[in-house]
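I have placed the structure first, in the form of structure tokens, so that the comments after it can refer back to it.
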Amino acid sequence: MIIGTLVLAASVSGCGNAIDTDIVGRTALARDADGSVLVLVDACRGSVDSIGVHAGREGLADSEVNPTLGELRAASPQSGRIEVPLTAPADPWAADSAVRLTEDPDSLFIVIASLKDENAQAAQVSATQSEVDSLPPGHVLTASSHVVSEAEFHDAC
């Protein structure tokens with residue numbers, strides 16, 4: 001939980017206090033048909049237009065910010081059910097910088113879907129590539145690497 005809190009604080013540092021962040025939905029990770037990481041966002045109480053992917057805190061000093069592994073942006077704010085492949089985003093999503101997960105399949109990465117320049121984000125998710133790869137078909141990883149069916153994930157928003 002500390003990892004997520006540190007990334008959240010860094011992601012909204014320009015806004016002041018992370019406690020004031022509006023949670024506009026949920027985020028999960030899945031595999032798409034070719035086995036790549038798929039980001040699912042249910043923005044049911046607002047919208048998002050940015051998906052940031054960050055490395056975990058392993059090897060970082062307390063004062064260091066989590067490294068950014070890539071950023072995806074939508075042409076306009078998106079709401080409802082959103083699916084974005086990390087390595088091949090499609091319209092209205094595009095990569096500001098290509099998302100490059102580390103080569104170590106057991107390295108943690110953190111995904112934060114937010115509304116750029118606003119104090120709003122969907123609840124973030126973190127996982128390793130190994131965890132995503134081991135998902136059974138039709139299941140997703142949510143916060144704290146909790147595995148649920150995709151239907152259960154969408155029903156909870």
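By order in the structure tokens, chains are A, B, ...; within a chain, residues start at 1; ligands start at 1, following the order shown.
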
Set out as JSON lines a contact list for segment 68-149 of chain A and segment 48-52 of chain A with a cut-off of 12 Å, giving each residue of segment 68-149 of chain A that qualifies its closest atom pair and distance in Å to one decimal, counting only C-alpha atoms, ordered by chain and rising residue number.
```
{"residue": "A:Thr68", "atom": "CA", "partner": "A:Gly52", "partner_atom": "CA", "distance": 7.3}
{"residue": "A:Leu69", "atom": "CA", "partner": "A:Gly52", "partner_atom": "CA", "distance": 7.8}
{"residue": "A:Gly70", "atom": "CA", "partner": "A:Gly52", "partner_atom": "CA", "distance": 6.2}
{"residue": "A:Glu71", "atom": "CA", "partner": "A:Gly52", "partner_atom": "CA", "distance": 4.6}
{"residue": "A:Leu72", "atom": "CA", "partner": "A:Ile51", "partner_atom": "CA", "distance": 5.0}
{"residue": "A:Arg73", "atom": "CA", "partner": "A:Ser50", "partner_atom": "CA", "distance": 4.5}
{"residue": "A:Ala74", "atom": "CA", "partner": "A:Asp49", "partner_atom": "CA", "distance": 4.8}
{"residue": "A:Ala75", "atom": "CA", "partner": "A:Asp49", "partner_atom": "CA", "distance": 7.3}
{"residue": "A:Ser76", "atom": "CA", "partner": "A:Asp49", "partner_atom": "CA", "distance": 6.2}
{"residue": "A:Pro77", "atom": "CA", "partner": "A:Asp49", "partner_atom": "CA", "distance": 4.6}
{"residue": "A:Gln78", "atom": "CA", "partner": "A:Val48", "partner_atom": "CA", "distance": 5.3}
{"residue": "A:Ser79", "atom": "CA", "partner": "A:Val48", "partner_atom": "CA", "distance": 6.5}
{"residue": "A:Gly80", "atom": "CA", "partner": "A:Val48", "partner_atom": "CA", "distance": 9.5}
{"residue": "A:Arg81", "atom": "CA", "partner": "A:Val48", "partner_atom": "CA", "distance": 10.8}
{"residue": "A:Ile82", "atom": "CA", "partner": "A:Val48", "partner_atom": "CA", "distance": 9.4}
{"residue": "A:Glu83", "atom": "CA", "partner": "A:Ile51", "partner_atom": "CA", "distance": 11.1}
{"residue": "A:Val84", "atom": "CA", "partner": "A:Ile51", "partner_atom": "CA", "distance": 9.1}
{"residue": "A:Pro85", "atom": "CA", "partner": "A:Ile51", "partner_atom": "CA", "distance": 10.9}
{"residue": "A:Leu86", "atom": "CA", "partner": "A:Ile51", "partner_atom": "CA", "distance": 9.2}
{"residue": "A:Pro89", "atom": "CA", "partner": "A:Ile51", "partner_atom": "CA", "distance": 10.8}
{"residue": "A:Pro92", "atom": "CA", "partner": "A:Asp49", "partner_atom": "CA", "distance": 9.4}
{"residue": "A:Trp93", "atom": "CA", "partner": "A:Asp49", "partner_atom": "CA", "distance": 8.3}
{"residue": "A:Ala94", "atom": "CA", "partner": "A:Ser50", "partner_atom": "CA", "distance": 9.6}
{"residue": "A:Ala95", "atom": "CA", "partner": "A:Ile51", "partner_atom": "CA", "distance": 9.3}
{"residue": "A:Asp96", "atom": "CA", "partner": "A:Ser50", "partner_atom": "CA", "distance": 9.7}
{"residue": "A:Ser97", "atom": "CA", "partner": "A:Gly52", "partner_atom": "CA", "distance": 10.0}
{"residue": "A:Ala98", "atom": "CA", "partner": "A:Gly52", "partner_atom": "CA", "distance": 10.9}
{"residue": "A:Val99", "atom": "CA", "partner": "A:Gly52", "partner_atom": "CA", "distance": 8.9}
{"residue": "A:Arg100", "atom": "CA", "partner": "A:Gly52", "partner_atom": "CA", "distance": 11.5}
{"residue": "A:Leu101", "atom": "CA", "partner": "A:Gly52", "partner_atom": "CA", "distance": 12.0}
{"residue": "A:Phe109", "atom": "CA", "partner": "A:Gly52", "partner_atom": "CA", "distance": 10.2}
{"residue": "A:Ile110", "atom": "CA", "partner": "A:Gly52", "partner_atom": "CA", "distance": 8.0}
{"residue": "A:Val111", "atom": "CA", "partner": "A:Gly52", "partner_atom": "CA", "distance": 5.7}
{"residue": "A:Ile112", "atom": "CA", "partner": "A:Gly52", "partner_atom": "CA", "distance": 5.2}
{"residue": "A:Ala113", "atom": "CA", "partner": "A:Ile51", "partner_atom": "CA", "distance": 4.3}
{"residue": "A:Ser114", "atom": "CA", "partner": "A:Val48", "partner_atom": "CA", "distance": 4.8}
{"residue": "A:Leu115", "atom": "CA", "partner": "A:Val48", "partner_atom": "CA", "distance": 4.3}
{"residue": "A:Lys116", "atom": "CA", "partner": "A:Ser50", "partner_atom": "CA", "distance": 6.1}
{"residue": "A:Asp117", "atom": "CA", "partner": "A:Ser50", "partner_atom": "CA", "distance": 9.8}
{"residue": "A:Glu118", "atom": "CA", "partner": "A:Val48", "partner_atom": "CA", "distance": 9.5}
{"residue": "A:Asn119", "atom": "CA", "partner": "A:Val48", "partner_atom": "CA", "distance": 10.6}
{"residue": "A:Ala120", "atom": "CA", "partner": "A:Val48", "partner_atom": "CA", "distance": 7.8}
{"residue": "A:Gln121", "atom": "CA", "partner": "A:Val48", "partner_atom": "CA", "distance": 6.8}
{"residue": "A:Ala122", "atom": "CA", "partner": "A:Val48", "partner_atom": "CA", "distance": 7.6}
{"residue": "A:Ala123", "atom": "CA", "partner": "A:Val48", "partner_atom": "CA", "distance": 11.3}
{"residue": "A:Gln124", "atom": "CA", "partner": "A:Gly52", "partner_atom": "CA", "distance": 9.9}
{"residue": "A:Val125", "atom": "CA", "partner": "A:Gly52", "partner_atom": "CA", "distance": 10.9}
{"residue": "A:Ser126", "atom": "CA", "partner": "A:Gly52", "partner_atom": "CA", "distance": 11.6}
```

| request: Enumerate the residues of segment 6-118 of chain A with a DSSP assignment of strand (DSSP E), computed from the backbone, and present them as a ChimeraX atom specification. | output: /A:22-31,37-55,68-85,93-97,108-115

| said: I'd like the interatomic distance between atom CA of Arg45 of chain A and atom CA of Ala151 of chain A, to a tenth of an Å. | reply: 18.2 Å

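Here atom CA of Ala43 of chain A is placed at a distance of 23.7 Å from atom CA of Leu108 of chain A.
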
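Relative to atom CA of Asp42 of chain A, atom CA of Asp104 of chain A is found at 28.5 Å.
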
| Nearest candidate to Arg26 of chain A (options A:Pro137, A:Glu150, A:Ala143, A:Ala55; using only C-alpha atoms) |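 Closest to Arg26 of chain A of all the choices is A:Ala143.
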
| request: Just the residues within 12 Å of Thr128 of chain A, please, counting only C-alpha atoms, with nothing from its chain fewer than 4 positions along; format it as a list in words. | output: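 With the cut-off at 12 Å, the set is Leu29, Ala30, Val37, Val53, His54, Ala55, Gly56, Leu101, Thr102, Glu103, Asp104, Pro105, Asp106, Ser107, Leu108, Phe109, Ile110, Val111, Val132, Asp133, Ser134, Leu135, Leu141, Ser144 and Ser145 of chain A.
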
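Nearest residue to Ala28 of chain A among A:Ala88, A:Val147, A:Val140, A:Cys157 is A:Val140, counting only C-alpha atoms.
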